[in-house]
file final_15.txt (compact mmCIF, C-alpha atoms and all ligand atoms)
# COMPACT_ATOMS: atom_id res chain seq x y z
CA MET A 295 -3.61 -16.93 4.22
CA ARG A 296 -6.68 -15.55 2.49
CA GLU A 297 -5.36 -12.06 3.30
CA HIS A 298 -3.38 -12.23 0.05
CA GLY A 299 -6.65 -11.93 -1.87
CA VAL A 300 -7.41 -8.66 -0.09
CA LEU A 301 -3.85 -7.48 -0.81
CA SER A 302 -4.29 -8.29 -4.53
CA ARG A 303 -7.44 -6.21 -4.65
CA VAL A 304 -5.67 -3.27 -2.98
CA LEU A 305 -2.93 -3.61 -5.63
CA LEU A 306 -5.65 -3.26 -8.27
CA VAL A 307 -6.89 -0.10 -6.52
CA TYR A 308 -3.29 1.21 -6.52
CA ASP A 309 -2.93 0.37 -10.23
CA GLU A 310 -6.07 2.25 -11.16
CA SER A 311 -5.11 5.17 -8.90
CA ALA A 312 -1.69 5.45 -10.58
CA ARG A 313 -3.36 5.32 -14.01
CA ARG A 314 -5.75 8.14 -13.09
CA LEU A 315 -3.00 10.26 -11.54
CA GLU A 316 -0.86 9.89 -14.66
CA SER A 317 -3.68 10.75 -17.01
CA THR A 318 -4.73 13.87 -15.03
CA GLU A 319 -8.13 12.22 -14.56
CA ASP A 320 -10.00 12.96 -11.37
CA MET A 321 -8.61 10.95 -8.45
CA PRO A 322 -10.57 10.84 -5.18
CA MET A 323 -7.72 11.00 -2.66
CA ASP A 324 -9.85 9.61 0.18
CA VAL A 325 -9.84 6.27 -1.70
CA LEU A 326 -6.05 6.16 -1.51
CA THR A 327 -6.09 7.11 2.16
CA SER A 328 -8.52 4.25 2.80
CA ALA A 329 -6.45 1.82 0.71
CA ALA A 330 -3.23 2.67 2.56
CA GLY A 331 -5.13 2.48 5.86
CA LEU A 332 -6.43 -1.00 5.05
CA LEU A 333 -2.91 -2.10 4.07
CA ARG A 334 -1.53 -0.84 7.36
CA ARG A 335 -4.28 -2.40 9.47
CA PHE A 336 -4.97 -5.70 7.76
CA ILE A 337 -1.76 -6.54 5.90
CA GLU A 338 1.19 -4.86 7.62
CA ASP A 339 0.05 -4.91 11.27
CA TYR A 340 -1.72 -8.24 11.07
CA HIS A 341 -0.85 -10.56 8.16
CA GLU A 342 2.84 -9.65 7.92
CA LYS A 343 3.20 -9.71 11.71
CA LEU A 344 1.98 -13.31 11.65
CA GLU A 345 4.52 -14.16 8.96
CA GLU A 346 7.30 -12.43 10.90
CA GLU A 347 6.42 -13.96 14.26
CA HIS A 348 5.34 -17.47 13.31
CA LEU A 349 6.62 -18.40 9.85
CA PHE A 350 9.95 -16.69 9.24
CA PRO A 351 11.60 -17.75 12.56
CA ARG A 352 10.73 -21.42 11.91
CA PHE A 353 12.43 -21.29 8.51
CA MET A 354 15.49 -19.66 10.07
CA GLN A 355 15.62 -22.33 12.79
CA ALA A 356 15.29 -25.09 10.19
CA GLY A 357 17.92 -23.43 8.00
CA LYS A 358 15.51 -23.55 5.04
CA LEU A 359 14.78 -20.83 2.44
CA VAL A 360 16.91 -18.50 4.54
CA GLU A 361 17.72 -16.15 1.69
CA LEU A 362 14.08 -15.94 0.56
CA VAL A 363 12.94 -15.19 4.11
CA SER A 364 15.48 -12.41 4.43
CA VAL A 365 14.27 -10.78 1.17
CA LEU A 366 10.61 -11.14 2.22
CA ARG A 367 11.38 -9.55 5.59
CA SER A 368 13.17 -6.58 4.06
CA GLN A 369 10.29 -6.12 1.61
CA HIS A 370 7.88 -5.87 4.55
CA GLU A 371 10.04 -3.05 5.92
CA GLU A 372 10.17 -1.29 2.57
CA GLY A 373 6.40 -1.77 2.13
CA ARG A 374 5.73 -0.03 5.45
CA ARG A 375 7.93 2.85 4.39
CA LEU A 376 6.05 3.17 1.08
CA THR A 377 2.68 3.02 2.86
CA ASP A 378 3.77 5.87 5.15
CA GLU A 379 4.69 7.85 2.08
CA VAL A 380 1.39 7.14 0.28
CA ARG A 381 -0.51 8.31 3.37
CA ARG A 382 1.58 11.46 3.63
CA LEU A 383 1.33 12.30 -0.09
CA ALA A 384 -2.40 11.53 -0.38
CA THR A 385 -3.26 13.85 2.50
CA SER A 386 -0.96 16.73 1.60
CA LYS A 387 -2.47 20.06 0.49
CA GLU A 388 -0.83 20.12 -2.93
CA VAL A 389 -0.63 16.52 -4.04
CA ASP A 390 2.61 15.63 -5.82
CA ARG A 391 0.97 13.40 -8.43
CA GLY A 392 4.26 12.36 -10.03
CA ARG A 393 5.83 11.18 -6.78
CA LEU A 394 2.59 9.45 -5.75
CA VAL A 395 2.51 7.52 -9.05
CA THR A 396 6.12 6.40 -8.51
CA VAL A 397 5.44 5.19 -4.97
CA LEU A 398 2.22 3.37 -5.93
CA ARG A 399 3.96 1.63 -8.83
CA GLN A 400 6.92 0.64 -6.65
CA PHE A 401 4.55 -0.90 -4.12
CA VAL A 402 2.62 -2.88 -6.75
CA ARG A 403 5.80 -4.02 -8.48
CA MET A 404 7.25 -5.35 -5.23
CA TYR A 405 4.13 -6.96 -3.78
CA ARG A 406 2.90 -8.92 -6.81
CA PRO A 407 6.02 -11.15 -6.87
CA HIS A 408 6.25 -11.03 -3.06
CA GLU A 409 2.86 -12.59 -2.44
CA ALA A 410 3.23 -14.97 -5.40
CA ARG A 411 6.52 -16.27 -3.98
CA GLU A 412 4.92 -16.79 -0.58
CA ASP A 413 1.95 -18.61 -2.12
CA THR A 414 4.00 -20.89 -4.37
CA VAL A 415 7.24 -21.43 -2.41
CA LEU A 416 7.11 -20.32 1.23
CA PHE A 417 3.66 -21.54 2.29
CA PRO A 418 3.94 -24.96 0.60
CA ALA A 419 7.38 -25.45 2.21
CA PHE A 420 5.98 -24.49 5.59
CA ARG A 421 3.94 -27.69 5.72
CA SER A 422 7.14 -29.69 5.47
CA ILE A 423 8.90 -28.03 8.42
CA VAL A 424 6.08 -28.21 11.01
CA SER A 425 4.06 -31.20 12.21
CA LYS A 426 0.43 -31.58 11.21
CA ASP A 427 -0.65 -30.78 14.79
CA GLU A 428 1.48 -27.67 14.96
CA TYR A 429 0.19 -26.55 11.56
CA GLU A 430 -3.41 -26.87 12.68
CA ALA A 431 -2.74 -25.18 16.03
CA LEU A 432 -1.15 -22.25 14.22
CA GLY A 433 -4.17 -21.94 11.91
CA GLU A 434 -6.41 -21.62 14.95
CA ALA A 435 -4.06 -19.15 16.65
CA PHE A 436 -4.16 -17.00 13.48
CA GLU A 437 -7.93 -17.01 13.45
CA ASP A 438 -8.09 -16.07 17.15
CA ARG A 439 -5.72 -13.19 16.46
CA GLU A 440 -7.94 -12.01 13.59
CA HIS A 441 -11.01 -12.06 15.81
CA ALA A 442 -9.21 -10.35 18.69
CA LEU A 443 -7.95 -7.56 16.41
CA PHE A 444 -10.94 -7.04 14.12
CA GLY A 445 -13.93 -8.80 15.69
CA GLU A 446 -15.75 -11.80 14.33
CA HIS A 447 -16.00 -10.52 10.76
CA GLY A 448 -12.48 -9.15 10.25
CA PHE A 449 -11.95 -10.72 6.85
CA GLU A 450 -15.45 -9.96 5.57
CA ASP A 451 -15.12 -6.33 6.70
CA ALA A 452 -11.76 -5.98 4.91
CA VAL A 453 -13.32 -7.39 1.72
CA ALA A 454 -16.28 -5.00 1.99
CA ASP A 455 -13.83 -2.15 2.56
CA VAL A 456 -11.79 -2.84 -0.58
CA ALA A 457 -14.99 -3.44 -2.58
CA ARG A 458 -16.11 0.10 -1.68
CA MET A 459 -12.80 1.47 -2.99
CA GLU A 460 -13.22 -0.45 -6.26
CA GLN A 461 -16.75 0.94 -6.54
CA ALA A 462 -15.51 4.50 -6.04
CA LEU A 463 -12.98 4.04 -8.87
CA GLY A 464 -15.40 2.24 -11.22
CA ILE A 465 -13.41 -1.01 -11.27
CA HIS A 466 -15.82 -3.16 -9.25
CA ASP A 467 -17.44 -4.96 -12.20
CA LEU A 468 -15.32 -8.09 -12.68
CA ALA A 469 -16.66 -8.58 -16.24
CA MET A 470 -14.95 -5.37 -17.35
CA PHE A 471 -11.63 -7.22 -17.22
CA THR A 472 -12.71 -9.82 -19.79
CA PRO A 473 -11.28 -9.02 -23.24
CA ARG A 474 -13.97 -8.29 -25.82
FE FE B 1 5.05 -11.29 3.30
FE FE B 2 2.07 -12.61 2.85
call {"tool": "encode", "arguments": {"input": "final_15.txt", "output": "structure tokens"}}
result
Amino acid sequence: MREHGVLSRVLLVYDESARRLESTEDMPMDVLTSAAGLLRRFIEDYHEKLEEEHLFPRFMQAGKLVELVSVLRSQHEEGRRLTDEVRRLATSKEVDRGRLVTVLRQFVRMYRPHEAREDTVLFPAFRSIVSKDEYEALGEAFEDREHALFGEHGFEDAVADVARMEQALGIHDLAMFTPR
């Protein structure tokens, strides 16, 4: 599930966008449109669909982590709603900066713990409810889906896409995050 790394980088783009919008600094809106577009395409319509179709039902059948799965599922729904709103706000004639900041912050606040919980609780538990063969078969099915949807370089293209957004916002240099 290397898609979470792409998601984390979009959250960073959202963070910086919210900071700029709050400080009345210049904010290139096309970056936000691209970020929300990448979320829709690569996370919501692909990564989350895989979770919803292949992971969540197996937990429900096994009667394991049922409550967690139900929260994760409802957060996917809420995330899609927020993404719709970001797209609408970012492309409107008179941008409502205050509302956009609120929506971006809500998205980041929800998805940081969401993906962390999947990485540390859901995904490790998944190995214990499916056989090794089934686990490997699913991995291959996921990769086939990625190639069918995005071509051979789906992941690499998504990374290049988010790197361009970071560049446009001046947050691409990793060393800038090291305390001095
Ligand atoms: Fe998820
Ligand atoms: Fe996920």
call {"tool": "residues_near_ligand", "arguments": {"input": "final_15.txt", "ligand": "ligand FE 2 (chain B)", "cutoff": "10 Å", "atoms": "all atoms listed in the file", "output": "number ranges by chain"}}
result
A: 295-299, 301, 337-338, 341-346, 366, 370, 405, 408-413, 416-417
call {"tool": "atom_distance", "arguments": {"input": "final_15.txt", "atom1": "atom CA of A:Ser311", "atom2": "atom CA of A:Met323"}}
result
8.9 Å
call {"tool": "atom_distance", "arguments": {"input": "final_15.txt", "atom1": "atom CA of A:Thr396", "atom2": "atom CA of A:Glu310"}}
result
13.1 Å
call {"tool": "closest_residue", "arguments": {"input": "final_15.txt", "among": "A:Arg303, A:Glu430, A:His447, A:Thr327", "to": "A:Leu468", "atoms": "all atoms listed in the file"}}
result
A:Arg303
call {"tool": "residues_around", "arguments": {"input": "final_15.txt", "residues": "A:Leu332", "least_positions_apart": "6", "cutoff": "10 Å", "atoms": "all atoms listed in the file", "output": "list of chain:residue names"}}
result
A:Val300, A:Leu301, A:Val304, A:Leu326, A:Glu338, A:Asp339, A:Ala452, A:Val453, A:Asp455, A:Val456
call {"tool": "atom_distance", "arguments": {"input": "final_15.txt", "atom1": "atom CA of A:Phe350", "atom2": "atom CA of A:Gln400"}}
result
23.7 Å
call {"tool": "closest_residue", "arguments": {"input": "final_15.txt", "among": "A:Ala454, A:Ala330, A:Ala312, A:Val325", "to": "A:Gly373", "atoms": "all atoms listed in the file"}}
result
A:Ala330
call {"tool": "closest_residue", "arguments": {"input": "final_15.txt", "among": "A:Ser422, A:Thr377, A:Thr318, A:Ser386", "to": "A:Leu398", "atoms": "all atoms listed in the file"}}
result
A:Thr377
call {"tool": "residues_around", "arguments": {"input": "final_15.txt", "residues": "A:Arg391", "least_positions_apart": "2", "cutoff": "8 Å", "atoms": "all atoms listed in the file", "output": "mmCIF file with C-alpha atoms, in the coordinates of the input"}}
result
data_model
loop_
_atom_site.group_PDB
_atom_site.id
_atom_site.type_symbol
_atom_site.label_atom_id
_atom_site.label_comp_id
_atom_site.auth_asym_id
_atom_site.auth_seq_id
_atom_site.Cartn_x
_atom_site.Cartn_y
_atom_site.Cartn_z
ATOM 1 C CA LEU A 315 -3.000 10.260 -11.540
ATOM 2 C CA GLU A 316 -0.860 9.890 -14.660
ATOM 3 C CA VAL A 389 -0.630 16.520 -4.040
ATOM 4 C CA ARG A 393 5.830 11.180 -6.780
ATOM 5 C CA LEU A 394 2.590 9.450 -5.750
ATOM 6 C CA VAL A 395 2.510 7.520 -9.050
#
call {"tool": "closest_residue", "arguments": {"input": "final_15.txt", "among": "A:Phe420, A:Ile465, A:Arg381, A:Glu361", "to": "A:Asp309", "atoms": "only C-alpha atoms"}}
result
A:Ile465
call {"tool": "residues_around", "arguments": {"input": "final_15.txt", "residues": "A:Met459", "least_positions_apart": "5", "cutoff": "8 Å", "atoms": "all atoms listed in the file", "output": "ChimeraX atom specification"}}
result
/A:307,325,328-329
call {"tool": "closest_residue", "arguments": {"input": "final_15.txt", "among": "A:Pro418, A:Arg374, A:Gln355, A:Ala457", "to": "A:Arg335", "atoms": "only C-alpha atoms"}}
result
A:Arg374
call {"tool": "closest_residue", "arguments": {"input": "final_15.txt", "among": "A:Arg399, A:Arg439, A:Arg367, A:Lys387", "to": "ligand FE 1 (chain B)", "atoms": "only C-alpha atoms and all ligand atoms"}}
result
A:Arg367
call {"tool": "axis_aligned_box", "arguments": {"input": "final_15.txt", "around": "stretch 420-425 of chain A", "padding_each_side": "4 Å", "output": "AutoDock Vina command-line options"}}
result
--center_x 6.4 --center_y -27.8 --center_z 8.8 --size_x 13.0 --size_y 14.7 --size_z 14.7
call {"tool": "decode", "arguments": {"input": "final_15.txt", "residues": "stretch 422-466 of chain A", "atoms": "N, CA and C atoms", "output": "tab-separated table (two decimals), in the first residue's frame"}}
result
chain	number	residue	atom	x	y	z
A	422	SER	N	-3.15	-11.78	9.19
A	422	SER	CA	-3.58	-12.89	10.05
A	422	SER	C	-4.95	-13.44	9.67
A	423	ILE	N	-5.70	-12.74	8.80
A	423	ILE	CA	-7.02	-13.28	8.45
A	423	ILE	C	-7.07	-13.87	7.04
A	424	VAL	N	-6.00	-13.71	6.26
A	424	VAL	CA	-5.96	-14.39	4.95
A	424	VAL	C	-4.74	-15.30	4.87
A	425	SER	N	-4.83	-16.32	4.04
A	425	SER	CA	-3.70	-17.25	3.88
A	425	SER	C	-2.59	-16.54	3.10
A	426	LYS	N	-1.40	-17.12	3.18
A	426	LYS	CA	-0.25	-16.53	2.49
A	426	LYS	C	-0.51	-16.48	0.98
A	427	ASP	N	-1.12	-17.54	0.45
A	427	ASP	CA	-1.42	-17.59	-0.99
A	427	ASP	C	-2.40	-16.50	-1.39
A	428	GLU	N	-3.45	-16.36	-0.56
A	428	GLU	CA	-4.46	-15.36	-0.87
A	428	GLU	C	-3.86	-13.96	-0.80
A	429	TYR	N	-3.00	-13.76	0.19
A	429	TYR	CA	-2.34	-12.46	0.38
A	429	TYR	C	-1.52	-12.10	-0.86
A	430	GLU	N	-0.77	-13.08	-1.34
A	430	GLU	CA	0.07	-12.81	-2.51
A	430	GLU	C	-0.77	-12.60	-3.77
A	431	ALA	N	-1.84	-13.38	-3.91
A	431	ALA	CA	-2.72	-13.23	-5.07
A	431	ALA	C	-3.36	-11.85	-5.09
A	432	LEU	N	-3.74	-11.38	-3.90
A	432	LEU	CA	-4.35	-10.05	-3.81
A	432	LEU	C	-3.34	-8.97	-4.22
A	433	GLY	N	-2.10	-9.11	-3.76
A	433	GLY	CA	-1.05	-8.16	-4.11
A	433	GLY	C	-0.92	-8.04	-5.63
A	434	GLU	N	-0.97	-9.18	-6.30
A	434	GLU	CA	-0.86	-9.17	-7.76
A	434	GLU	C	-2.10	-8.56	-8.41
A	435	ALA	N	-3.27	-8.87	-7.84
A	435	ALA	CA	-4.52	-8.30	-8.38
A	435	ALA	C	-4.50	-6.78	-8.25
A	436	PHE	N	-3.95	-6.28	-7.13
A	436	PHE	CA	-3.87	-4.82	-6.91
A	436	PHE	C	-2.96	-4.19	-7.96
A	437	GLU	N	-1.85	-4.86	-8.24
A	437	GLU	CA	-0.91	-4.30	-9.20
A	437	GLU	C	-1.52	-4.29	-10.62
A	438	ASP	N	-2.24	-5.37	-10.95
A	438	ASP	CA	-2.91	-5.42	-12.26
A	438	ASP	C	-3.91	-4.28	-12.38
A	439	ARG	N	-4.65	-4.03	-11.30
A	439	ARG	CA	-5.64	-2.96	-11.30
A	439	ARG	C	-4.96	-1.62	-11.53
A	440	GLU	N	-3.82	-1.42	-10.85
A	440	GLU	CA	-3.07	-0.16	-11.01
A	440	GLU	C	-2.66	0.02	-12.48
A	441	HIS	N	-2.14	-1.04	-13.07
A	441	HIS	CA	-1.70	-0.94	-14.46
A	441	HIS	C	-2.87	-0.73	-15.41
A	442	ALA	N	-3.99	-1.40	-15.13
A	442	ALA	CA	-5.17	-1.25	-16.00
A	442	ALA	C	-5.72	0.17	-15.93
A	443	LEU	N	-5.69	0.76	-14.73
A	443	LEU	CA	-6.25	2.10	-14.56
A	443	LEU	C	-5.30	3.20	-15.03
A	444	PHE	N	-4.02	3.04	-14.72
A	444	PHE	CA	-3.07	4.16	-14.92
A	444	PHE	C	-1.92	3.84	-15.87
A	445	GLY	N	-1.89	2.64	-16.44
A	445	GLY	CA	-0.75	2.28	-17.28
A	445	GLY	C	0.37	1.71	-16.42
A	446	GLU	N	1.49	1.46	-17.07
A	446	GLU	CA	2.57	0.72	-16.40
A	446	GLU	C	3.22	1.54	-15.28
A	447	HIS	N	3.18	2.88	-15.42
A	447	HIS	CA	3.89	3.71	-14.45
A	447	HIS	C	2.95	4.52	-13.57
A	448	GLY	N	1.84	3.91	-13.17
A	448	GLY	CA	0.82	4.63	-12.39
A	448	GLY	C	1.37	5.27	-11.13
A	449	PHE	N	2.11	4.50	-10.36
A	449	PHE	CA	2.65	5.01	-9.10
A	449	PHE	C	3.69	6.11	-9.36
A	450	GLU	N	4.60	5.84	-10.29
A	450	GLU	CA	5.66	6.81	-10.60
A	450	GLU	C	5.05	8.12	-11.10
A	451	ASP	N	3.99	8.02	-11.92
A	451	ASP	CA	3.34	9.22	-12.44
A	451	ASP	C	2.68	10.02	-11.31
A	452	ALA	N	2.07	9.30	-10.36
A	452	ALA	CA	1.42	9.98	-9.23
A	452	ALA	C	2.47	10.71	-8.39
A	453	VAL	N	3.63	10.07	-8.19
A	453	VAL	CA	4.71	10.69	-7.42
A	453	VAL	C	5.23	11.94	-8.15
A	454	ALA	N	5.40	11.82	-9.47
A	454	ALA	CA	5.89	12.97	-10.24
A	454	ALA	C	4.87	14.11	-10.18
A	455	ASP	N	3.60	13.75	-10.19
A	455	ASP	CA	2.52	14.72	-10.14
A	455	ASP	C	2.57	15.52	-8.83
A	456	VAL	N	2.68	14.81	-7.71
A	456	VAL	CA	2.69	15.50	-6.41
A	456	VAL	C	4.00	16.27	-6.23
A	457	ALA	N	5.09	15.78	-6.82
A	457	ALA	CA	6.37	16.49	-6.73
A	457	ALA	C	6.27	17.85	-7.45
A	458	ARG	N	5.53	17.88	-8.56
A	458	ARG	CA	5.33	19.16	-9.27
A	458	ARG	C	4.55	20.15	-8.41
A	459	MET	N	3.57	19.64	-7.66
A	459	MET	CA	2.79	20.53	-6.78
A	459	MET	C	3.68	21.10	-5.68
A	460	GLU	N	4.53	20.23	-5.10
A	460	GLU	CA	5.45	20.68	-4.05
A	460	GLU	C	6.38	21.76	-4.60
A	461	GLN	N	6.85	21.53	-5.82
A	461	GLN	CA	7.74	22.49	-6.48
A	461	GLN	C	7.05	23.84	-6.63
A	462	ALA	N	5.79	23.81	-7.08
A	462	ALA	CA	5.04	25.04	-7.30
A	462	ALA	C	4.84	25.82	-6.00
A	463	LEU	N	4.81	25.12	-4.87
A	463	LEU	CA	4.59	25.79	-3.58
A	463	LEU	C	5.90	26.04	-2.83
A	464	GLY	N	7.03	25.62	-3.42
A	464	GLY	CA	8.33	25.84	-2.77
A	464	GLY	C	8.56	24.97	-1.55
A	465	ILE	N	7.97	23.77	-1.55
A	465	ILE	CA	8.17	22.86	-0.41
A	465	ILE	C	8.78	21.53	-0.86
A	466	HIS	N	9.48	21.57	-2.00
A	466	HIS	CA	10.00	20.33	-2.59
A	466	HIS	C	11.34	19.92	-1.99
